[in-house]
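**Student:** Just so it is clear, I am handing over coords.pdb, which has PDB, C-alpha atoms.
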```pdb
ATOM      1  CA  MET X1213      23.656  66.442 -29.884
ATOM      2  CA  LEU X1214      25.897  68.812 -27.967
ATOM      3  CA  LEU X1215      25.689  70.809 -24.723
ATOM      4  CA  SER X1216      27.893  73.913 -24.654
ATOM      5  CA  VAL X1217      28.910  75.293 -21.266
ATOM      6  CA  ILE X1218      30.079  78.930 -21.364
ATOM      7  CA  VAL X1219      32.246  80.095 -18.466
ATOM      8  CA  PRO X1220      33.395  83.763 -18.449
ATOM      9  CA  CYS X1221      36.571  84.243 -16.367
ATOM     10  CA  TYR X1222      38.544  87.229 -15.141
ATOM     11  CA  ASN X1223      41.469  86.518 -12.803
ATOM     12  CA  GLU X1224      39.920  83.251 -11.639
ATOM     13  CA  GLU X1225      42.984  80.984 -11.565
ATOM     14  CA  GLU X1226      41.887  79.447  -8.239
ATOM     15  CA  ASN X1227      38.512  78.393  -9.623
ATOM     16  CA  VAL X1228      39.387  76.933 -13.039
ATOM     17  CA  PHE X1229      40.206  73.400 -11.819
ATOM     18  CA  PRO X1230      37.522  73.172  -9.077
ATOM     19  CA  PHE X1231      34.823  74.228 -11.522
ATOM     20  CA  TYR X1232      35.951  71.663 -14.103
ATOM     21  CA  GLU X1233      35.901  68.869 -11.533
ATOM     22  CA  GLU X1234      32.513  69.883 -10.139
ATOM     23  CA  LEU X1235      31.020  70.105 -13.621
ATOM     24  CA  LEU X1236      32.181  66.603 -14.547
ATOM     25  CA  LYS X1237      30.700  65.225 -11.311
ATOM     26  CA  ASN X1238      27.267  66.540 -12.264
ATOM     27  CA  THR X1239      27.126  65.755 -15.980
ATOM     28  CA  PRO X1240      27.011  61.922 -16.201
ATOM     29  CA  PHE X1241      23.325  62.358 -17.114
ATOM     30  CA  LEU X1242      24.413  63.699 -20.520
ATOM     31  CA  GLU X1243      25.299  60.228 -21.749
ATOM     32  CA  GLY X1244      21.795  58.983 -21.045
ATOM     33  CA  GLU X1245      20.360  61.939 -22.968
ATOM     34  CA  GLY X1246      22.628  61.328 -25.962
ATOM     35  CA  LEU X1247      24.522  64.566 -25.373
ATOM     36  CA  GLU X1248      28.213  65.369 -25.629
ATOM     37  CA  LEU X1249      29.908  68.153 -23.656
ATOM     38  CA  GLU X1250      31.683  71.281 -24.857
ATOM     39  CA  LEU X1251      33.259  73.520 -22.193
ATOM     40  CA  ILE X1252      34.250  77.029 -23.275
ATOM     41  CA  TYR X1253      36.314  79.150 -20.886
ATOM     42  CA  VAL X1254      36.205  82.804 -21.979
ATOM     43  CA  ASP X1255      39.248  84.550 -20.503
ATOM     44  CA  ASP X1256      38.375  88.242 -20.252
ATOM     45  CA  GLY X1257      41.932  89.593 -20.338
ATOM     46  CA  SER X1258      43.062  88.012 -17.060
ATOM     47  CA  VAL X1259      46.482  89.001 -15.722
ATOM     48  CA  ASP X1260      46.946  85.876 -13.597
ATOM     49  CA  GLU X1261      47.326  82.211 -14.583
ATOM     50  CA  THR X1262      43.699  81.693 -15.657
ATOM     51  CA  ALA X1263      44.530  81.149 -19.340
ATOM     52  CA  ALA X1264      47.509  78.900 -18.537
ATOM     53  CA  ARG X1265      45.370  76.611 -16.376
ATOM     54  CA  VAL X1266      42.713  76.364 -19.064
ATOM     55  CA  ARG X1267      45.442  75.418 -21.564
ATOM     56  CA  SER X1268      46.539  72.586 -19.287
ATOM     57  CA  LEU X1269      42.938  71.352 -19.114
ATOM     58  CA  HIS X1270      42.699  71.541 -22.901
ATOM     59  CA  GLU X1271      45.755  69.304 -23.254
ATOM     60  CA  LYS X1272      44.120  66.669 -21.026
ATOM     61  CA  ASP X1273      40.552  67.013 -22.272
ATOM     62  CA  GLY X1274      39.771  68.017 -25.850
ATOM     63  CA  ARG X1275      36.268  69.072 -24.816
ATOM     64  CA  VAL X1276      37.765  72.096 -23.033
ATOM     65  CA  HIS X1277      38.194  75.202 -25.178
ATOM     66  CA  LEU X1278      39.794  78.582 -24.477
ATOM     67  CA  LEU X1279      38.815  81.954 -25.879
ATOM     68  CA  SER X1280      41.161  84.651 -24.591
ATOM     69  CA  PHE X1281      40.593  88.397 -25.104
ATOM     70  CA  SER X1282      43.301  90.940 -25.910
ATOM     71  CA  ARG X1283      42.269  92.906 -22.796
ATOM     72  CA  ASN X1284      39.448  93.120 -20.285
ATOM     73  CA  PHE X1285      36.218  93.866 -22.178
ATOM     74  CA  GLY X1286      33.791  93.035 -19.366
ATOM     75  CA  LYS X1287      31.525  90.121 -18.549
ATOM     76  CA  GLU X1288      28.887  91.139 -21.093
ATOM     77  CA  ALA X1289      31.445  90.813 -23.887
ATOM     78  CA  GLY X1290      32.521  87.450 -22.462
ATOM     79  CA  ILE X1291      28.959  86.142 -22.513
ATOM     80  CA  TYR X1292      28.400  87.359 -26.074
ATOM     81  CA  ALA X1293      31.666  85.822 -27.299
ATOM     82  CA  GLY X1294      30.846  82.511 -25.657
ATOM     83  CA  LEU X1295      27.410  82.431 -27.265
ATOM     84  CA  GLN X1296      28.954  83.149 -30.650
ATOM     85  CA  LYS X1297      31.487  80.345 -30.317
ATOM     86  CA  ALA X1298      29.118  77.773 -28.805
ATOM     87  CA  LYS X1299      28.110  75.057 -31.270
ATOM     88  CA  GLY X1300      25.752  73.188 -28.963
ATOM     89  CA  ASP X1301      22.115  72.301 -29.518
ATOM     90  CA  TYR X1302      21.764  73.429 -25.896
ATOM     91  CA  VAL X1303      23.801  76.184 -24.255
ATOM     92  CA  VAL X1304      24.262  77.019 -20.581
ATOM     93  CA  MET X1305      26.120  79.960 -19.037
ATOM     94  CA  MET X1306      27.738  79.584 -15.618
ATOM     95  CA  ASP X1307      30.070  81.496 -13.308
ATOM     96  CA  VAL X1308      33.402  79.827 -12.672
ATOM     97  CA  ASP X1309      33.318  80.680  -8.947
ATOM     98  CA  LEU X1310      30.715  77.915  -8.347
ATOM     99  CA  GLN X1311      28.017  80.356  -7.253
ATOM    100  CA  ASP X1312      26.024  78.724 -10.047
ATOM    101  CA  PRO X1313      25.753  75.111  -8.808
ATOM    102  CA  PRO X1314      26.388  72.537 -11.581
ATOM    103  CA  SER X1315      24.233  70.153  -9.502
ATOM    104  CA  LEU X1316      21.155  71.944 -10.892
ATOM    105  CA  LEU X1317      21.920  70.954 -14.486
ATOM    106  CA  PRO X1318      20.005  67.614 -14.511
ATOM    107  CA  GLU X1319      16.867  69.306 -13.176
ATOM    108  CA  MET X1320      17.243  72.204 -15.598
ATOM    109  CA  PHE X1321      17.539  69.860 -18.558
ATOM    110  CA  SER X1322      14.436  67.934 -17.445
ATOM    111  CA  TYR X1323      12.372  71.128 -17.848
ATOM    112  CA  LEU X1324      13.608  71.572 -21.418
ATOM    113  CA  LYS X1325      12.318  68.078 -22.158
ATOM    114  CA  GLN X1326       8.922  69.240 -20.847
ATOM    115  CA  GLY X1327       8.741  71.868 -23.579
ATOM    116  CA  TYR X1328      10.390  74.939 -22.075
ATOM    117  CA  ASP X1329      12.733  76.961 -24.303
ATOM    118  CA  SER X1330      15.007  78.047 -21.467
ATOM    119  CA  VAL X1331      15.500  77.432 -17.771
ATOM    120  CA  ALA X1332      16.691  80.394 -15.727
ATOM    121  CA  THR X1333      17.807  80.590 -12.109
ATOM    122  CA  ARG X1334      17.217  83.138  -9.390
ATOM    123  CA  ARG X1335      18.491  83.490  -5.858
ATOM    124  CA  VAL X1336      15.859  83.577  -3.142
ATOM    125  CA  THR X1337      18.376  84.763  -0.539
ATOM    126  CA  ARG X1338      21.430  87.016  -0.599
ATOM    127  CA  LYS X1339      23.368  85.313   2.157
ATOM    128  CA  GLY X1340      26.935  86.565   2.433
ATOM    129  CA  GLU X1341      26.200  89.782   0.566
ATOM    130  CA  PRO X1342      26.555  93.214   2.280
ATOM    131  CA  PRO X1343      23.123  94.508   3.394
ATOM    132  CA  VAL X1344      23.582  97.847   1.615
ATOM    133  CA  ARG X1345      24.352  96.107  -1.657
ATOM    134  CA  SER X1346      21.333  93.816  -1.260
ATOM    135  CA  PHE X1347      19.067  96.801  -0.566
ATOM    136  CA  PHE X1348      20.131  98.689  -3.677
ATOM    137  CA  ALA X1349      19.977  95.527  -5.802
ATOM    138  CA  ARG X1350      16.343  94.955  -4.827
ATOM    139  CA  LEU X1351      15.606  98.651  -5.366
ATOM    140  CA  PHE X1352      17.074  98.461  -8.870
ATOM    141  CA  TYR X1353      14.851  95.531  -9.838
ATOM    142  CA  LYS X1354      11.761  97.336  -8.530
ATOM    143  CA  ILE X1355      12.586 100.520 -10.438
ATOM    144  CA  MET X1356      13.509  98.629 -13.599
ATOM    145  CA  ASN X1357      10.259  96.679 -13.694
ATOM    146  CA  ARG X1358       8.251  99.873 -13.215
ATOM    147  CA  ILE X1359       9.898 101.888 -15.972
ATOM    148  CA  SER X1360      10.554  99.131 -18.519
ATOM    149  CA  LYS X1361       8.272  96.840 -20.508
ATOM    150  CA  THR X1362      10.959  94.138 -20.320
ATOM    151  CA  GLU X1363      10.532  91.966 -17.240
ATOM    152  CA  ILE X1364      13.661  91.459 -15.137
ATOM    153  CA  VAL X1365      13.196  89.047 -12.246
ATOM    154  CA  ASP X1366      14.604  90.011  -8.849
ATOM    155  CA  GLY X1367      17.612  87.868  -7.990
ATOM    156  CA  ALA X1368      17.993  86.589 -11.545
ATOM    157  CA  ARG X1369      21.359  85.049 -12.359
ATOM    158  CA  ASP X1370      23.118  84.697 -15.698
ATOM    159  CA  TYR X1371      23.002  80.942 -15.038
ATOM    160  CA  ARG X1372      20.611  79.844 -17.763
ATOM    161  CA  LEU X1373      20.131  76.764 -19.945
ATOM    162  CA  MET X1374      18.783  77.537 -23.426
ATOM    163  CA  THR X1375      17.867  75.853 -26.669
ATOM    164  CA  ARG X1376      19.631  76.830 -29.873
ATOM    165  CA  GLN X1377      16.609  78.876 -30.954
ATOM    166  CA  VAL X1378      16.872  81.117 -27.889
ATOM    167  CA  VAL X1379      20.643  81.519 -28.354
ATOM    168  CA  ASP X1380      20.164  82.574 -31.979
ATOM    169  CA  GLY X1381      17.599  85.140 -30.834
ATOM    170  CA  ILE X1382      20.068  86.619 -28.349
ATOM    171  CA  LEU X1383      22.857  86.719 -30.941
ATOM    172  CA  ALA X1384      20.548  88.603 -33.300
ATOM    173  CA  MET X1385      20.761  91.496 -30.822
ATOM    174  CA  CYS X1386      24.283  92.617 -31.713
ATOM    175  CA  GLU X1387      24.164  95.949 -29.875
ATOM    176  CA  TYR X1388      27.391  97.302 -28.370
ATOM    177  CA  ASN X1389      25.922  98.369 -25.014
ATOM    178  CA  ARG X1390      24.760  95.017 -23.699
ATOM    179  CA  PHE X1391      22.638  94.292 -20.645
ATOM    180  CA  THR X1392      22.160  90.534 -20.727
ATOM    181  CA  LYS X1393      19.459  90.307 -18.049
ATOM    182  CA  GLY X1394      17.313  92.658 -20.114
ATOM    183  CA  ILE X1395      18.127  90.872 -23.370
ATOM    184  CA  PHE X1396      16.943  87.571 -21.879
ATOM    185  CA  GLY X1397      13.612  89.153 -21.040
ATOM    186  CA  TRP X1398      13.288  90.968 -24.350
ATOM    187  CA  VAL X1399      13.703  87.901 -26.598
ATOM    188  CA  GLY X1400      10.901  86.146 -24.705
ATOM    189  CA  TYR X1401      10.317  82.416 -25.248
ATOM    190  CA  ARG X1402       8.878  80.080 -22.654
ATOM    191  CA  THR X1403      11.074  80.228 -19.563
ATOM    192  CA  LYS X1404      11.042  78.143 -16.396
ATOM    193  CA  TRP X1405      12.398  79.867 -13.283
ATOM    194  CA  LEU X1406      14.357  77.715 -10.868
ATOM    195  CA  GLU X1407      14.925  79.064  -7.354
ATOM    196  CA  TYR X1408      17.859  78.175  -5.104
ATOM    197  CA  GLU X1409      19.630  79.408  -1.988
ATOM    198  CA  ASN X1410      22.556  81.739  -2.507
ATOM    199  CA  VAL X1411      25.938  80.012  -2.736
ATOM    200  CA  GLU X1412      29.068  81.914  -1.774
ATOM    201  CA  ARG X1413      32.177  81.966  -3.949
ATOM    202  CA  ALA X1414      34.483  78.965  -3.739
ATOM    203  CA  HIS X1415      37.684  81.024  -3.978
ATOM    204  CA  GLY X1416      38.722  84.614  -4.483
ATOM    205  CA  LYS X1417      36.766  87.846  -4.309
ATOM    206  CA  THR X1418      34.071  89.290  -6.516
ATOM    207  CA  LYS X1419      35.225  91.667  -9.266
ATOM    208  CA  PHE X1420      32.052  93.757  -8.966
ATOM    209  CA  ASN X1421      32.177  96.542  -6.395
ATOM    210  CA  PHE X1422      29.327  98.919  -5.594
ATOM    211  CA  TRP X1423      30.440 101.536  -8.137
ATOM    212  CA  LYS X1424      30.678  99.004 -10.983
ATOM    213  CA  LEU X1425      27.231  97.645 -10.126
ATOM    214  CA  PHE X1426      25.852 101.198 -10.078
ATOM    215  CA  LEU X1427      27.238 101.880 -13.571
ATOM    216  CA  TYR X1428      25.906  98.512 -14.711
ATOM    217  CA  SER X1429      22.437  99.457 -13.452
ATOM    218  CA  ILE X1430      22.585 102.696 -15.457
ATOM    219  CA  ASP X1431      23.444 100.639 -18.551
ATOM    220  CA  GLY X1432      20.381  98.507 -17.908
ATOM    221  CA  ILE X1433      18.055 101.485 -17.486
ATOM    222  CA  THR X1434      19.285 103.308 -20.595
ATOM    223  CA  ALA X1435      19.222 100.102 -22.662
ATOM    224  CA  PHE X1436      15.629  99.097 -21.897
ATOM    225  CA  SER X1437      13.750 102.234 -20.891
ATOM    226  CA  THR X1438      13.244 105.807 -22.098
ATOM    227  CA  VAL X1439      11.254 106.797 -19.011
ATOM    228  CA  PRO X1440      14.137 108.930 -17.576
ATOM    229  CA  LEU X1441      13.895 111.133 -20.683
ATOM    230  CA  ALA X1442      10.164 111.507 -20.126
ATOM    231  CA  ILE X1443      10.768 112.350 -16.459
ATOM    232  CA  SER X1444      13.181 115.138 -17.394
ATOM    233  CA  SER X1445      10.596 116.572 -19.808
ATOM    234  CA  VAL X1446       7.859 116.451 -17.169
ATOM    235  CA  MET X1447      10.138 118.154 -14.629
ATOM    236  CA  GLY X1448      10.771 120.936 -17.120
ATOM    237  CA  VAL X1449       7.040 121.499 -17.621
ATOM    238  CA  VAL X1450       6.357 121.441 -13.869
ATOM    239  CA  PHE X1451       9.049 124.013 -13.129
ATOM    240  CA  CYS X1452       7.766 126.275 -15.899
ATOM    241  CA  LEU X1453       4.271 126.162 -14.393
ATOM    242  CA  CYS X1454       5.671 126.882 -10.939
ATOM    243  CA  ALA X1455       7.570 129.866 -12.349
ATOM    244  CA  PHE X1456       4.432 131.314 -13.975
ATOM    245  CA  VAL X1457       2.449 130.892 -10.743
ATOM    246  CA  ALA X1458       5.222 132.540  -8.718
ATOM    247  CA  ILE X1459       5.390 135.473 -11.146
ATOM    248  CA  ALA X1460       1.628 135.994 -10.944
ATOM    249  CA  VAL X1461       1.676 135.888  -7.138
ATOM    250  CA  LEU X1462       4.493 138.419  -6.928
ATOM    251  CA  ILE X1463       2.788 140.813  -9.354
ATOM    252  CA  VAL X1464      -0.517 140.680  -7.487
ATOM    253  CA  LYS X1465       1.235 141.043  -4.158
ATOM    254  CA  ASN X1466       3.107 144.141  -5.344
ATOM    255  CA  LEU X1467       0.107 145.825  -6.996
ATOM    256  CA  LEU X1468      -2.460 145.206  -4.237
ATOM    257  CA  TYR X1469      -0.359 145.323  -1.097
ATOM    258  CA  HIS X1470       2.579 147.397  -2.337
ATOM    259  CA  ASP X1471       4.870 144.766  -0.872
ATOM    260  CA  PRO X1472       8.095 144.665  -2.881
ATOM    261  CA  VAL X1473       9.908 141.380  -3.329
ATOM    262  CA  ALA X1474      12.501 140.936  -0.612
ATOM    263  CA  GLY X1475      15.084 138.386   0.400
ATOM    264  CA  TRP X1476      18.007 137.374  -1.762
ATOM    265  CA  PRO X1477      18.602 134.108   0.207
ATOM    266  CA  SER X1478      15.339 132.660  -1.063
ATOM    267  CA  LEU X1479      16.236 133.772  -4.583
ATOM    268  CA  VAL X1480      19.629 132.069  -4.382
ATOM    269  CA  CYS X1481      18.020 128.851  -3.134
ATOM    270  CA  ILE X1482      15.551 128.874  -6.026
ATOM    271  CA  ILE X1483      18.301 129.488  -8.568
ATOM    272  CA  LEU X1484      20.388 126.645  -7.158
ATOM    273  CA  LEU X1485      17.404 124.304  -7.165
ATOM    274  CA  VAL X1486      16.413 125.078 -10.746
ATOM    275  CA  SER X1487      20.034 124.896 -11.929
ATOM    276  CA  GLY X1488      20.460 121.534 -10.246
ATOM    277  CA  VAL X1489      17.329 120.174 -11.926
ATOM    278  CA  GLN X1490      18.539 121.460 -15.293
ATOM    279  CA  LEU X1491      21.928 119.799 -14.896
ATOM    280  CA  PHE X1492      20.232 116.578 -13.783
ATOM    281  CA  CYS X1493      18.048 116.543 -16.899
ATOM    282  CA  VAL X1494      21.032 117.357 -19.120
ATOM    283  CA  GLY X1495      22.883 114.481 -17.464
ATOM    284  CA  ILE X1496      20.044 112.078 -18.316
ATOM    285  CA  LEU X1497      20.134 113.256 -21.921
ATOM    286  CA  GLY X1498      23.929 112.880 -21.911
ATOM    287  CA  GLN X1499      23.710 109.238 -20.848
ATOM    288  CA  TYR X1500      21.464 108.356 -23.772
ATOM    289  CA  LEU X1501      23.607 110.415 -26.135
ATOM    290  CA  ALA X1502      26.764 108.647 -24.939
ATOM    291  CA  LYS X1503      25.204 105.219 -25.542
ATOM    292  CA  THR X1504      24.128 106.318 -29.011
ATOM    293  CA  TYR X1505      27.649 107.597 -29.715
ATOM    294  CA  LEU X1506      29.167 104.235 -28.789
ATOM    295  CA  GLU X1507      26.627 102.351 -30.904
ATOM    296  CA  VAL X1508      27.114 104.347 -34.099
ATOM    297  CA  LYS X1509      30.909 103.901 -34.028
ATOM    298  CA  ARG X1510      30.335 100.152 -34.512
ATOM    299  CA  ARG X1511      33.442  99.072 -32.626
ATOM    300  CA  PRO X1512      33.849  95.304 -32.105
ATOM    301  CA  ILE X1513      32.447  94.056 -28.798
ATOM    302  CA  TYR X1514      35.663  92.111 -28.127
ATOM    303  CA  LEU X1515      39.002  91.201 -29.710
ATOM    304  CA  VAL X1516      40.429  87.668 -29.506
ATOM    305  CA  LYS X1517      44.080  87.157 -28.592
ATOM    306  CA  GLU X1518      44.111  83.362 -28.439
ATOM    307  CA  GLU X1519      41.676  80.591 -29.254
ATOM    308  CA  LEU X1520      42.041  76.887 -28.537
TER     309      LEU X1520
END
```
Would you write the structure of this file as structure tokens?

**Tutor:**
Amino acid sequence: MLLSVIVPCYNEEENVFPFYEELLKNTPFLEGEGLELELIYVDDGSVDETAARVRSLHEKDGRVHLLSFSRNFGKEAGIYAGLQKAKGDYVVMMDVDLQDPPSLLPEMFSYLKQGYDSVATRRVTRKGEPPVRSFFARLFYKIMNRISKTEIVDGARDYRLMTRQVVDGILAMCEYNRFTKGIFGWVGYRTKWLEYENVERAHGKTKFNFWKLFLYSIDGITAFSTVPLAISSVMGVVFCLCAFVAIAVLIVKNLLYHDPVAGWPSLVCIILLVSGVQLFCVGILGQYLAKTYLEVKRRPIYLVKEEL
């Protein structure tokens, strides 16, 4: 029996050793469960000494493996690659910055023994996070759960312990545009949610800024909902109805009261408004078309430069 720990990394040289040490401190329970450990660091094209430090760990401990990409493909690609390479009967994904506490592993594994297929974690606080970012994060989860049939829990982390059956279900979804939080919800299975207080990074700074998170949220919406397309269609119908009503009012006003239409400023405002709505709807359509374009090209999700 084997437990695979997947750790995506991008320029995390300061966290490689601390994470390894913290993980070993919290995994003595594996021996009692008859489990061996497999630790897979997925280096997402780092330009620092991340890969070199993982190599040094590999030389000391054969349970440590390295999968290094040819360039930066993003965290989603790192998660997918780790799941593909993991051989464990149980698989857990964790961030190397120690925001996902390894101390939760014994409790998480106890729930699997109770019959759950996966144990997921969620933050109940966002301590240390900018208020604006927290506000928009919560707003995204609210919007996503309203427009999508796939449930995405507010504060959900990628920190999740799964059985092999769940992992195989996730790997069956080999789409290019990946939104892991949505994929977890889509595959289903019996999941236990484990809540914990937010833990700040051990070292370094987050690689996700507001703009990257915004683009990531768009990926999530386009991947698991077609409601924006429906909204654009409804807006088109509404504006057509408004146009017909306005035309009828103007005709009646001119015939009965001989009051010609006046005022080019109002006309300009209407034209700008309608043009803006049209461009907005075209933009929504363009997002879905772009995702379709990337899917049909069937490019590999990642390319491996080195594997230990």

**Student:** My list of candidates is X:Glu1288, X:Phe1321, X:Leu1479, X:Pro1440. Which is closest to X:Glu1245 when distances are computed with only C-alpha atoms?

**Tutor:**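 The closest residue to X:Glu1245 is X:Phe1321.
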
**Student:** Enumerate, as a VMD selection string, the residues matched when the PyMOL selection byres ((chain X and resi 1514-1516) around 7) is run on the file above.

**Tutor:** chain X and resid 1279 to 1282 1285 1289 1512 to 1513 1517 to 1518

**Student:** Please evaluate the PyMOL selection byres ((chain X and resi 1305) around 8) against the structure above and give the resulting residues as a list in words.

**Tutor:**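 That selection, the PyMOL selection byres ((chain X and resi 1305) around 8), comes back as Val1217, Ile1218, Val1219, Ile1291, Val1303, Val1304, Met1306, Asp1307, Asp1370, Tyr1371, Arg1372 and Leu1373 of chain X.
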
**Student:** Applied to this file, what does the PyMOL selection byres ((chain X and resi 1398) around 10) return in terms of residues, put as a VMD selection string?

**Tutor:** chain X and resid 1361 to 1364 1381 to 1382 1385 1392 to 1397 1399 to 1401 1436

**Student:** Kindly provide the residues of stretch 1344-1401 of chain X that approach stretch 1293-1296 of chain X to within 10 Å, each paired with its closest atom pair and their distance in Å to one decimal, based on only C-alpha atoms, listed by chain and increasing number, as JSON lines.

**Tutor:**
```
{"residue": "X:Arg1376", "atom": "CA", "partner": "X:Leu1295", "partner_atom": "CA", "distance": 9.9}
{"residue": "X:Val1379", "atom": "CA", "partner": "X:Leu1295", "partner_atom": "CA", "distance": 6.9}
{"residue": "X:Asp1380", "atom": "CA", "partner": "X:Leu1295", "partner_atom": "CA", "distance": 8.6}
{"residue": "X:Ile1382", "atom": "CA", "partner": "X:Leu1295", "partner_atom": "CA", "distance": 8.5}
{"residue": "X:Leu1383", "atom": "CA", "partner": "X:Gln1296", "partner_atom": "CA", "distance": 7.1}
```

**Student:** So what do you get for atom CA of X:Gly1257 versus atom CA of X:Glu1507, distance-wise?

**Tutor:**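 The value is 22.6 Å.
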
**Student:** Which is closer to X:Arg1511 than all the others in X:Glu1387, X:Asp1256, X:Glu1234, X:Asp1273, using only C-alpha atoms?

**Tutor:**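 Of X:Glu1387, X:Asp1256, X:Glu1234, X:Asp1273, the one nearest X:Arg1511 is X:Glu1387, counting only C-alpha atoms.
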
**Student:** Can you tell me how far atom CA of X:Phe1391 sits from atom CA of X:Phe1352, in Å to one decimal?

**Tutor:**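 Interatomic distance here is 13.7 Å.
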
**Student:** Between atom CA of X:Ile1482 and atom CA of X:Leu1441, what is the distance, to one decimal in Å?

**Tutor:**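 If I compute the distance from atom CA of X:Ile1482 to atom CA of X:Leu1441, I get 23.1 Å.
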
**Student:** Fewer than 4 positions away in the same chain doesn't count, so skip those; otherwise give me all residues within 12 Å of X:Ser1268, counting all atoms listed in the file, as an MDAnalysis selection string.

**Tutor:** chainID X and resid 1225 1228:1229 1232 1261:1264 1272:1274 1276:1278 1520

**Student:** Could you list, as a list in words, every residue within 9 Å of stretch 1492-1498 of chain X, counting only C-alpha atoms and ignoring same-chain residues fewer than 5 positions away?

**Tutor:**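 So the residues in contact are Pro1440, Leu1441, Ile1443, Ser1444, Ser1445, Met1447, Gly1448, Ser1487 and Lys1503 of chain X.
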
**Student:** Given only C-alpha atoms as the basis, pick out the residue of X:Arg1358, X:Lys1297, X:Arg1390, X:Lys1404 nearest to X:Gln1326.

**Tutor:**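 Looking at the shortest contact to X:Gln1326, the residue is X:Lys1404.
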
**Student:** Under the rule that all atoms listed in the file are counted, which of X:Val1439, X:Leu1215, X:Val1446, X:Cys1386 is the nearest residue to X:Ile1355?

**Tutor:**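 Using all atoms listed in the file, the shortest distance to X:Ile1355 belongs to X:Val1439.
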
**Student:** Give me the box for stretch 1314-1329 of chain X as AutoDock Vina command-line options, namely the centre and edge lengths in Å to one decimal of a box along x, y and z that holds every listed atom plus 5 Å on each side.

**Tutor:**
```
--center_x 17.6 --center_y 72.3 --center_z -16.9 --size_x 27.6 --size_y 19.3 --size_z 24.8
```

**Student:** In terms of the shortest atom-to-atom distance over all atoms listed in the file, which of X:Pro1220, X:Gly1488, X:Pro1240, X:Gly1300 is closest to X:Pro1314?

**Tutor:**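 Smallest distance to X:Pro1314 is found for X:Pro1240.
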